[in-house]
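One structure is given here, and the rest of the page talks about it.
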Amino acid sequence: LARETGFAGDLKTIEGARAACAKEDQASVRVALHDSSVPGIARALERELRTPEPPTALLVANSGFVLTTLGCLARQRVAVPGAVSLIARDSEPFLDFVVPSVARYVLPPTRFARSLSRVVLALTRGEVVRVLDQRLEPKFVPGETLGRLS
C-alpha cells in the first residue's frame, strides 16, 4: 500500500518486495496505490479486498497510513492478523501505543546519526561528498499484526 506520487522510498520498497517475493514459490506482490487521503486509502483497500484473491498481508509504506489502514480494515470487519497481516515499512514513536502492536521495520536513530555524521564531518573538512544511494538496513520488529505462515 503506497502513495501514487512515486516517492523514491516507496519505489524502492515496491522493488524490494517484488525481488523478495520472486524468490518464493507461492508469493506475489500487488501494489495498491492511493492519493494519501483517508478516502483514497479506503478505496485502495476496498479494491484489494474485493479481488478474487484478496491480500494475505499488507506492507504499508508510511507509518501514518498504518492507522488509517487499521481503521479501514476494522470498519470492514477484516481481522488483523486473522485475515490479513499488516507490516509498517517505517516506524514512528506513536506506533508504540497502537493496539494490536504493529509489526514494523525500525531504523535505530544511532545508526542514522552515525551515517549522517560521517557525511557532515567530511563536508566540514572540505571534502566532496557524493552520496547518491545511501542504504541503511532497518531491523524488523515483529508485532501482533503479523499472522502465522500456513
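In the C-alpha cells, chains take letters A, B, ... by order of appearance, with residues numbered from 1 within each chain and ligands from 1 in the order shown.
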
Residues within 10 Å of A:Arg111, please, as a PDB file with N, CA and C atoms, in the first residue's frame. Count only C-alpha atoms; anything in the same chain fewer than 3 positions from it doesn't count.
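File produced: around19.pdb:
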ATOM      1  N   LEU A 107      14.569   1.748  12.156  1.00  0.00           N
ATOM      2  CA  LEU A 107      15.943   2.185  11.917  1.00  0.00           C
ATOM      3  C   LEU A 107      16.418   2.861  13.195  1.00  0.00           C
ATOM      4  N   PRO A 108      17.328   2.208  13.927  1.00  0.00           N
ATOM      5  CA  PRO A 108      17.794   2.821  15.172  1.00  0.00           C
ATOM      6  C   PRO A 108      18.373   4.208  14.908  1.00  0.00           C
ATOM      7  N   ARG A 114      24.980   8.088  12.928  1.00  0.00           N
ATOM      8  CA  ARG A 114      26.359   7.731  12.582  1.00  0.00           C
ATOM      9  C   ARG A 114      26.599   7.945  11.088  1.00  0.00           C
ATOM     10  N   SER A 115      25.665   7.507  10.269  1.00  0.00           N
ATOM     11  CA  SER A 115      25.793   7.669   8.824  1.00  0.00           C
ATOM     12  C   SER A 115      25.796   9.144   8.426  1.00  0.00           C
ATOM     13  N   LEU A 116      24.869   9.894   9.020  1.00  0.00           N
ATOM     14  CA  LEU A 116      24.778  11.325   8.715  1.00  0.00           C
ATOM     15  C   LEU A 116      26.017  12.068   9.195  1.00  0.00           C
ATOM     16  N   SER A 117      26.527  11.723  10.371  1.00  0.00           N
ATOM     17  CA  SER A 117      27.684  12.446  10.915  1.00  0.00           C
ATOM     18  C   SER A 117      28.923  12.246  10.056  1.00  0.00           C
ATOM     19  N   LEU A 136      20.406   2.248   4.523  1.00  0.00           N
ATOM     20  CA  LEU A 136      20.532   1.878   5.923  1.00  0.00           C
ATOM     21  C   LEU A 136      19.599   0.703   6.168  1.00  0.00           C
ATOM     22  N   GLU A 137      20.122  -0.359   6.706  1.00  0.00           N
ATOM     23  CA  GLU A 137      19.336  -1.579   6.901  1.00  0.00           C
ATOM     24  C   GLU A 137      18.531  -1.492   8.196  1.00  0.00           C
ATOM     25  N   PRO A 138      17.204  -1.471   8.103  1.00  0.00           N
ATOM     26  CA  PRO A 138      16.390  -1.418   9.321  1.00  0.00           C
ATOM     27  C   PRO A 138      16.294  -2.793   9.981  1.00  0.00           C
TER      28      PRO A 138
END

Each stretch 79-101 of chain A residue no farther than 12 Å from stretch 12-30 of chain A, nearest pair in Å, only C-alpha atoms, as a Markdown table:
| residue | atom | partner | partner_atom | distance |
| --- | --- | --- | --- | --- |
| A:Ala88 | CA | A:Thr13 | CA | 11.2 |
| A:Arg89 | CA | A:Thr13 | CA | 8.0 |
| A:Asp90 | CA | A:Thr13 | CA | 10.6 |

Excluding A:Gly143 and residues on its chain fewer than 4 positions from it, collect all residues at most 9 Å away from it, counting only C-alpha atoms, and give them as a compact mmCIF listing (two decimals) with all heavy atoms, in the first residue's frame.
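Result saved to out.txt:
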# COMPACT_ATOMS: atom_id res chain seq x y z
N ILE A 87 2.14 -4.97 8.09
CA ILE A 87 3.51 -4.60 8.42
C ILE A 87 3.74 -3.16 7.99
O ILE A 87 3.39 -2.76 6.88
CB ILE A 87 4.53 -5.50 7.69
CG1 ILE A 87 4.27 -6.98 8.03
CG2 ILE A 87 5.96 -5.11 8.04
CD1 ILE A 87 5.00 -7.96 7.15
N PRO A 100 -3.67 -3.63 18.01
CA PRO A 100 -2.58 -4.55 18.33
C PRO A 100 -1.22 -3.95 17.95
O PRO A 100 -1.15 -3.08 17.07
CB PRO A 100 -2.90 -5.78 17.49
CG PRO A 100 -3.69 -5.26 16.33
CD PRO A 100 -4.46 -4.09 16.86
N SER A 101 -0.16 -4.43 18.61
CA SER A 101 1.17 -3.90 18.31
C SER A 101 1.49 -4.18 16.84
O SER A 101 1.18 -5.24 16.30
CB SER A 101 2.22 -4.52 19.23
OG SER A 101 2.32 -5.91 19.03
N VAL A 102 2.08 -3.19 16.20
CA VAL A 102 2.30 -3.23 14.75
C VAL A 102 3.68 -3.81 14.42
O VAL A 102 4.70 -3.34 14.93
CB VAL A 102 2.17 -1.82 14.15
CG1 VAL A 102 2.46 -1.84 12.65
CG2 VAL A 102 0.78 -1.25 14.42
N ALA A 103 3.69 -4.84 13.57
CA ALA A 103 4.95 -5.35 13.03
C ALA A 103 5.52 -4.25 12.15
O ALA A 103 4.80 -3.63 11.35
CB ALA A 103 4.70 -6.62 12.24
N ARG A 104 6.82 -4.00 12.28
CA ARG A 104 7.40 -2.88 11.52
C ARG A 104 8.91 -2.98 11.43
O ARG A 104 9.54 -3.76 12.11
CB ARG A 104 7.00 -1.57 12.15
CG ARG A 104 7.50 -1.37 13.56
CD ARG A 104 6.83 -0.13 14.17
NE ARG A 104 7.29 0.21 15.47
CZ ARG A 104 6.72 -0.17 16.60
NH1 ARG A 104 5.67 -0.96 16.56
NH2 ARG A 104 7.19 0.21 17.76

Discussion item. Can you pull out every residue from chain A that DSSP, working from the backbone, puts in strand (DSSP E or B), and format the result as a PyMOL selection string?
Written reply: chain A and resi 2-3+33-34+57-60+85-88+103-106+139-141

Would you put the residues from that selection into a file with C-alpha atoms, as a PDB file, in the first residue's frame?
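What ended up in part.pdb:
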ATOM      1  CA  ALA A   2       1.855   3.064  -1.256  1.00  0.00           C
ATOM      2  CA  ARG A   3       1.341   6.627  -2.395  1.00  0.00           C
ATOM      3  CA  LEU A  33      -1.750   2.938  -4.788  1.00  0.00           C
ATOM      4  CA  HIS A  34      -3.572   5.752  -3.019  1.00  0.00           C
ATOM      5  CA  ALA A  57      -0.538  -9.338   4.028  1.00  0.00           C
ATOM      6  CA  LEU A  58      -0.220  -5.592   3.643  1.00  0.00           C
ATOM      7  CA  LEU A  59       3.078  -3.736   3.695  1.00  0.00           C
ATOM      8  CA  VAL A  60       2.158  -0.114   4.392  1.00  0.00           C
ATOM      9  CA  SER A  85      -1.162  -9.447   8.324  1.00  0.00           C
ATOM     10  CA  LEU A  86      -0.079  -5.827   8.474  1.00  0.00           C
ATOM     11  CA  ILE A  87       3.513  -4.604   8.419  1.00  0.00           C
ATOM     12  CA  ALA A  88       4.658  -0.990   8.563  1.00  0.00           C
ATOM     13  CA  ALA A 103       4.949  -5.347  13.030  1.00  0.00           C
ATOM     14  CA  ARG A 104       7.396  -2.882  11.522  1.00  0.00           C
ATOM     15  CA  TYR A 105      10.867  -2.005  10.403  1.00  0.00           C
ATOM     16  CA  VAL A 106      12.849   0.209  12.757  1.00  0.00           C
ATOM     17  CA  LYS A 139      15.661  -4.026  11.983  1.00  0.00           C
ATOM     18  CA  PHE A 140      12.409  -5.976  11.737  1.00  0.00           C
ATOM     19  CA  VAL A 141      10.278  -5.846  14.890  1.00  0.00           C
TER      20      VAL A 141
END

Worksheet, complete the sentence: With distances taken over only C-alpha atoms, the candidate from A:Ser63, A:Leu123, A:Ala113, A:Leu73 nearest A:Asp96 is A:Ser63

Practice prompt. Go through A:Val84, A:Val119, A:Phe112, A:Phe94 and flag the residue nearest A:Pro54, using only C-alpha atoms for the distances.
Written response: A:Val84
